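Trainee: My structure file work-v8.pdb, PDB, C-alpha atoms, is below:
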```
ATOM      1  CA  MET B   1       0.296   0.926 -11.101
ATOM      2  CA  ILE B   2      -1.300   1.279  -7.715
ATOM      3  CA  ILE B   3      -1.117  -1.491  -5.151
ATOM      4  CA  ALA B   4      -3.093  -1.556  -1.936
ATOM      5  CA  PHE B   5      -1.550  -4.069   0.404
ATOM      6  CA  SER B   6      -1.753  -5.284   3.949
ATOM      7  CA  VAL B   7       0.965  -7.298   5.623
ATOM      8  CA  THR B   8       0.127  -8.716   9.030
ATOM      9  CA  PRO B   9       2.407 -10.709  11.315
ATOM     10  CA  LEU B  10       0.979 -14.007  12.531
ATOM     11  CA  GLY B  11       2.024 -15.990  15.563
ATOM     12  CA  VAL B  12       3.090 -12.971  17.636
ATOM     13  CA  GLY B  13      -0.075 -12.311  19.605
ATOM     14  CA  GLU B  14      -2.503  -9.437  19.253
ATOM     15  CA  ASN B  15      -0.019  -6.553  19.366
ATOM     16  CA  VAL B  16       1.096  -6.234  15.735
ATOM     17  CA  GLY B  17       1.414  -2.443  15.524
ATOM     18  CA  ARG B  18       5.187  -2.258  15.877
ATOM     19  CA  ALA B  19       5.809  -4.756  13.063
ATOM     20  CA  VAL B  20       3.263  -3.052  10.822
ATOM     21  CA  ALA B  21       4.908   0.306  11.562
ATOM     22  CA  GLU B  22       8.236  -1.077  10.332
ATOM     23  CA  ALA B  23       6.568  -2.133   7.075
ATOM     24  CA  VAL B  24       5.021   1.323   6.647
ATOM     25  CA  ARG B  25       8.398   2.947   7.436
ATOM     26  CA  ILE B  26       9.880   1.060   4.470
ATOM     27  CA  VAL B  27       7.064   2.216   2.178
ATOM     28  CA  ARG B  28       7.505   5.842   3.231
ATOM     29  CA  ALA B  29      11.274   5.664   2.819
ATOM     30  CA  SER B  30      10.829   4.414  -0.758
ATOM     31  CA  GLY B  31       9.941   7.897  -1.961
ATOM     32  CA  LEU B  32       7.005   6.529  -3.969
ATOM     33  CA  PRO B  33       3.578   8.144  -3.549
ATOM     34  CA  ASN B  34       1.787   6.324  -0.743
ATOM     35  CA  GLU B  35      -1.035   6.511   1.770
ATOM     36  CA  THR B  36      -1.811   4.431   4.831
ATOM     37  CA  ASN B  37      -5.206   3.912   6.425
ATOM     38  CA  ALA B  38      -6.597   1.517   9.019
ATOM     39  CA  MET B  39      -6.768  -1.401   6.579
ATOM     40  CA  PHE B  40      -4.203  -0.941   3.788
ATOM     41  CA  THR B  41      -1.154   0.911   2.597
ATOM     42  CA  THR B  42      -1.424   2.120  -0.985
ATOM     43  CA  ILE B  43       1.665   2.737  -3.086
ATOM     44  CA  GLU B  44       2.049   3.960  -6.671
ATOM     45  CA  GLY B  45       4.848   3.434  -9.167
ATOM     46  CA  GLU B  46       6.186   1.091 -11.797
ATOM     47  CA  TRP B  47       5.642  -2.658 -11.360
ATOM     48  CA  ASP B  48       9.198  -3.578 -10.351
ATOM     49  CA  GLU B  49       9.677  -0.717  -7.909
ATOM     50  CA  VAL B  50       6.292  -1.177  -6.218
ATOM     51  CA  MET B  51       6.711  -4.934  -5.903
ATOM     52  CA  ALA B  52      10.230  -4.471  -4.505
ATOM     53  CA  VAL B  53       8.839  -2.221  -1.765
ATOM     54  CA  VAL B  54       6.076  -4.715  -0.967
ATOM     55  CA  LYS B  55       8.724  -7.449  -0.663
ATOM     56  CA  GLN B  56      10.905  -5.305   1.619
ATOM     57  CA  ALA B  57       7.897  -4.479   3.809
ATOM     58  CA  THR B  58       6.977  -8.162   3.988
ATOM     59  CA  ASP B  59      10.554  -9.102   4.838
ATOM     60  CA  ALA B  60      10.511  -6.575   7.703
ATOM     61  CA  VAL B  61       7.427  -8.236   9.173
ATOM     62  CA  MET B  62       8.875 -11.713   8.651
ATOM     63  CA  ALA B  63      11.960 -10.633  10.616
ATOM     64  CA  VAL B  64       9.807 -10.522  13.775
ATOM     65  CA  ALA B  65       7.135 -13.120  13.036
ATOM     66  CA  PRO B  66       7.222 -16.799  12.103
ATOM     67  CA  ARG B  67       4.467 -16.233   9.544
ATOM     68  CA  CYS B  68       2.571 -13.389   7.889
ATOM     69  CA  SER B  69      -0.520 -12.679   5.850
ATOM     70  CA  LEU B  70      -0.119 -10.581   2.701
ATOM     71  CA  VAL B  71      -3.146  -9.179   0.870
ATOM     72  CA  LEU B  72      -2.649  -7.333  -2.444
ATOM     73  CA  LYS B  73      -5.005  -5.475  -4.737
ATOM     74  CA  ALA B  74      -3.576  -3.868  -7.865
ATOM     75  CA  ASP B  75      -4.745  -1.379 -10.477
ATOM     76  CA  ILE B  76      -2.401  -1.925 -13.418
ATOM     77  CA  ARG B  77      -2.704   0.918 -15.890
ATOM     78  CA  PRO B  78       0.508   1.601 -17.855
ATOM     79  CA  GLY B  79       1.364   5.215 -18.541
ATOM     80  CA  VAL B  80      -0.866   6.667 -15.826
ATOM     81  CA  THR B  81       0.704   8.637 -12.992
ATOM     82  CA  ASN B  82      -0.733  10.406  -9.954
ATOM     83  CA  ALA B  83      -3.735   8.077  -9.957
ATOM     84  CA  ILE B  84      -3.402   7.667  -6.198
ATOM     85  CA  LYS B  85      -4.761  11.229  -5.878
ATOM     86  CA  ALA B  86      -6.642  11.658  -9.165
ATOM     87  CA  LYS B  87      -9.039   8.759  -8.572
ATOM     88  CA  VAL B  88     -10.131  10.207  -5.245
ATOM     89  CA  GLU B  89     -10.407  13.715  -6.696
ATOM     90  CA  THR B  90     -12.751  12.400  -9.402
ATOM     91  CA  VAL B  91     -15.064  10.844  -6.832
ATOM     92  CA  GLU B  92     -14.989  14.011  -4.711
ATOM     93  CA  ARG B  93     -15.885  16.093  -7.771
ATOM     94  CA  TYR B  94     -18.949  13.919  -8.407
ATOM     95  CA  LEU B  95     -19.945  14.126  -4.745
ATOM     96  CA  ALA B  96     -19.726  17.923  -4.868
ATOM     97  CA  GLU B  97     -22.266  18.022  -7.708
ATOM     98  CA  GLU B  98     -25.066  16.798  -5.467
TER      99      GLU B  98
END
```
Is it possible to express this structure as structure tokens?
Mentor:
Amino acid sequence: MIIAFSVTPLGVGENVGRAVAEAVRIVRASGLPNETNAMFTTIEGEWDEVMAVVKQATDAVMAVAPRCSLVLKADIRPGVTNAIKAKVETVERYLAEE
């Protein structure tokens, strides 16, 4: 499965980068395939391991904020691996045809 998620601290003012960085640090330390962009962090793995990482990342943000916003989007496709790269490669291949 692939999960794109965003966890944002609330109630700490406008500077949320440090708390978000701690969440991303947890994702990267997990060893699971992942990517981070301006809006989401995407992580790939089995349901339990991915959700455990999302919980740890959320807990890290909650350690410095009284409240947080968590947004999740999931692509649940059992038996598929490396989709985090393969899906993008497919789109790039179609774009190259033009």
Trainee: Care to translate the PyMOL selection byres ((chain B and resi 75-81) around 7) into actual residues of this file, as JSON, numbers by chain?
Mentor: {"B": [1, 2, 3, 74, 82, 83]}
Trainee: Centre and edge lengths of an axis-aligned box around all listed atoms of region 16-32 of chain B, with 6 Å added on each side, are to be given in Å to one decimal, as lines of an AutoDock Vina configuration file.
Mentor:
```
center_x = 6.2
center_y = 0.8
center_z = 6.0
size_x = 22.2
size_y = 26.1
size_z = 31.8
```
Trainee: For this structure, which residues satisfy the selection - the PyMOL selection byres ((chain B and resi 49-57) around 10) - when it is evaluated on the file as given? I want them as a ChimeraX atom specification.
Mentor: /B:1-7,19-30,32,41-48,58-62,70,72
Trainee: Would you put the residues from that selection into a file with C-alpha atoms, as a PDB file, in the frame of the given file?
Mentor:
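Result saved to part-v9.pdb:
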```pdb
ATOM      1  CA  MET B   1       0.296   0.926 -11.101  1.00  0.00           C
ATOM      2  CA  ILE B   2      -1.300   1.279  -7.715  1.00  0.00           C
ATOM      3  CA  ILE B   3      -1.117  -1.491  -5.151  1.00  0.00           C
ATOM      4  CA  ALA B   4      -3.093  -1.556  -1.936  1.00  0.00           C
ATOM      5  CA  PHE B   5      -1.550  -4.069   0.404  1.00  0.00           C
ATOM      6  CA  SER B   6      -1.753  -5.284   3.949  1.00  0.00           C
ATOM      7  CA  VAL B   7       0.965  -7.298   5.623  1.00  0.00           C
ATOM      8  CA  ALA B  19       5.809  -4.756  13.063  1.00  0.00           C
ATOM      9  CA  VAL B  20       3.263  -3.052  10.822  1.00  0.00           C
ATOM     10  CA  ALA B  21       4.908   0.306  11.562  1.00  0.00           C
ATOM     11  CA  GLU B  22       8.236  -1.077  10.332  1.00  0.00           C
ATOM     12  CA  ALA B  23       6.568  -2.133   7.075  1.00  0.00           C
ATOM     13  CA  VAL B  24       5.021   1.323   6.647  1.00  0.00           C
ATOM     14  CA  ARG B  25       8.398   2.947   7.436  1.00  0.00           C
ATOM     15  CA  ILE B  26       9.880   1.060   4.470  1.00  0.00           C
ATOM     16  CA  VAL B  27       7.064   2.216   2.178  1.00  0.00           C
ATOM     17  CA  ARG B  28       7.505   5.842   3.231  1.00  0.00           C
ATOM     18  CA  ALA B  29      11.274   5.664   2.819  1.00  0.00           C
ATOM     19  CA  SER B  30      10.829   4.414  -0.758  1.00  0.00           C
ATOM     20  CA  LEU B  32       7.005   6.529  -3.969  1.00  0.00           C
ATOM     21  CA  THR B  41      -1.154   0.911   2.597  1.00  0.00           C
ATOM     22  CA  THR B  42      -1.424   2.120  -0.985  1.00  0.00           C
ATOM     23  CA  ILE B  43       1.665   2.737  -3.086  1.00  0.00           C
ATOM     24  CA  GLU B  44       2.049   3.960  -6.671  1.00  0.00           C
ATOM     25  CA  GLY B  45       4.848   3.434  -9.167  1.00  0.00           C
ATOM     26  CA  GLU B  46       6.186   1.091 -11.797  1.00  0.00           C
ATOM     27  CA  TRP B  47       5.642  -2.658 -11.360  1.00  0.00           C
ATOM     28  CA  ASP B  48       9.198  -3.578 -10.351  1.00  0.00           C
ATOM     29  CA  THR B  58       6.977  -8.162   3.988  1.00  0.00           C
ATOM     30  CA  ASP B  59      10.554  -9.102   4.838  1.00  0.00           C
ATOM     31  CA  ALA B  60      10.511  -6.575   7.703  1.00  0.00           C
ATOM     32  CA  VAL B  61       7.427  -8.236   9.173  1.00  0.00           C
ATOM     33  CA  MET B  62       8.875 -11.713   8.651  1.00  0.00           C
ATOM     34  CA  LEU B  70      -0.119 -10.581   2.701  1.00  0.00           C
ATOM     35  CA  LEU B  72      -2.649  -7.333  -2.444  1.00  0.00           C
TER      36      LEU B  72
END
```
Trainee: Compute the distance from (8.0, -15.2, 12.2) to each atom, counting only C-alpha atoms, keep the residues with any atom at most 12 Å away, and return them as a VMD selection string; use the coordinates of the file.
Mentor: chain B and resid 8 to 13 16 19 58 to 69
Trainee: Nearest residue to Lys73 (chain B) out of B:Gly17, B:Phe40, B:Ala96, B:Val91, using only C-alpha atoms?
Mentor: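 Of the candidates, the smallest distance to Lys73 (chain B) is held by B:Phe40.
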Trainee: Would you work out the distance separating CA of Pro33 (chain B) from CA of Lys87 (chain B), expressed in Å to one decimal?
Mentor: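 We find that CA of Pro33 (chain B) and CA of Lys87 (chain B) lie 13.6 Å from each other.
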Trainee: Rounded to one decimal, what separation in Å do you get between CA of Ala86 (chain B) and CA of Val71 (chain B)?
Mentor: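 According to the coordinates, CA of Ala86 (chain B) and CA of Val71 (chain B) are separated by 23.4 Å.
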Trainee: Quick one, how far is CA of Ile84 (chain B) from CA of Asn34 (chain B)?
Mentor: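 CA of Asn34 (chain B) lies at a distance of 7.6 Å from CA of Ile84 (chain B).
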Trainee: Just save region 58-71 of chain B with all heavy atoms, as a compact mmCIF listing (two decimals), in the first residue's frame.
Mentor:
```
# COMPACT_ATOMS: atom_id res chain seq x y z
N THR B 58 2.83 11.23 13.75
CA THR B 58 1.79 12.05 14.37
C THR B 58 2.10 12.29 15.84
O THR B 58 1.97 13.41 16.35
CB THR B 58 0.41 11.38 14.20
OG1 THR B 58 0.16 11.20 12.81
CG2 THR B 58 -0.70 12.23 14.80
N ASP B 59 2.55 11.25 16.52
CA ASP B 59 2.92 11.39 17.93
C ASP B 59 4.05 12.40 18.11
O ASP B 59 4.06 13.16 19.09
CB ASP B 59 3.33 10.04 18.52
CG ASP B 59 2.15 9.10 18.73
OD1 ASP B 59 0.99 9.55 18.67
OD2 ASP B 59 2.41 7.89 18.93
N ALA B 60 5.00 12.43 17.17
CA ALA B 60 6.11 13.38 17.26
C ALA B 60 5.60 14.82 17.16
O ALA B 60 6.06 15.70 17.88
CB ALA B 60 7.13 13.10 16.15
N VAL B 61 4.64 15.04 16.29
CA VAL B 61 4.06 16.38 16.16
C VAL B 61 3.24 16.72 17.41
O VAL B 61 3.32 17.83 17.93
CB VAL B 61 3.21 16.49 14.87
CG1 VAL B 61 2.39 17.77 14.85
CG2 VAL B 61 4.10 16.40 13.65
N MET B 62 2.49 15.76 17.90
CA MET B 62 1.67 16.00 19.09
C MET B 62 2.53 16.27 20.33
O MET B 62 2.05 16.86 21.30
CB MET B 62 0.73 14.82 19.35
CG MET B 62 -0.41 14.71 18.34
SD MET B 62 -1.51 16.14 18.32
CE MET B 62 -2.16 16.11 19.99
N ALA B 63 3.78 15.86 20.31
CA ALA B 63 4.67 16.12 21.44
C ALA B 63 5.00 17.60 21.58
O ALA B 63 5.40 18.05 22.66
CB ALA B 63 5.96 15.30 21.29
N VAL B 64 4.81 18.38 20.49
CA VAL B 64 5.14 19.80 20.54
C VAL B 64 3.95 20.70 20.22
O VAL B 64 4.10 21.92 20.15
CB VAL B 64 6.30 20.13 19.57
CG1 VAL B 64 7.55 19.38 19.99
CG2 VAL B 64 5.93 19.82 18.14
N ALA B 65 2.78 20.10 20.03
CA ALA B 65 1.60 20.89 19.69
C ALA B 65 0.39 20.37 20.46
O ALA B 65 0.28 19.16 20.69
CB ALA B 65 1.33 20.80 18.18
N PRO B 66 -0.52 21.25 20.83
CA PRO B 66 -1.70 20.80 21.56
C PRO B 66 -2.73 20.11 20.67
O PRO B 66 -3.64 19.46 21.16
CB PRO B 66 -2.28 22.10 22.13
CG PRO B 66 -1.84 23.16 21.17
CD PRO B 66 -0.49 22.71 20.69
N ARG B 67 -2.53 20.23 19.35
CA ARG B 67 -3.49 19.69 18.39
C ARG B 67 -2.78 19.52 17.06
O ARG B 67 -1.80 20.20 16.78
CB ARG B 67 -4.63 20.69 18.26
CG ARG B 67 -5.77 20.33 17.38
CD ARG B 67 -6.80 21.45 17.43
NE ARG B 67 -7.92 21.16 16.55
CZ ARG B 67 -8.88 22.01 16.29
NH1 ARG B 67 -8.88 23.22 16.83
NH2 ARG B 67 -9.87 21.67 15.48
N CYS B 68 -3.29 18.61 16.21
CA CYS B 68 -2.70 18.50 14.87
C CYS B 68 -3.77 18.10 13.86
O CYS B 68 -4.83 17.59 14.23
CB CYS B 68 -1.53 17.51 14.84
SG CYS B 68 -1.98 15.79 14.75
N SER B 69 -3.45 18.36 12.61
CA SER B 69 -4.30 17.95 11.50
C SER B 69 -3.58 16.82 10.78
O SER B 69 -2.39 16.93 10.49
CB SER B 69 -4.50 19.13 10.55
OG SER B 69 -5.11 18.70 9.35
N LEU B 70 -4.30 15.73 10.52
CA LEU B 70 -3.74 14.60 9.80
C LEU B 70 -4.61 14.31 8.59
O LEU B 70 -5.81 14.09 8.71
CB LEU B 70 -3.70 13.35 10.71
CG LEU B 70 -3.22 12.05 10.06
CD1 LEU B 70 -1.78 12.17 9.59
CD2 LEU B 70 -3.38 10.90 11.04
N VAL B 71 -3.99 14.35 7.41
CA VAL B 71 -4.67 14.06 6.15
C VAL B 71 -4.02 12.82 5.56
O VAL B 71 -2.79 12.76 5.45
CB VAL B 71 -4.55 15.24 5.16
CG1 VAL B 71 -5.18 14.88 3.83
CG2 VAL B 71 -5.16 16.49 5.74
```
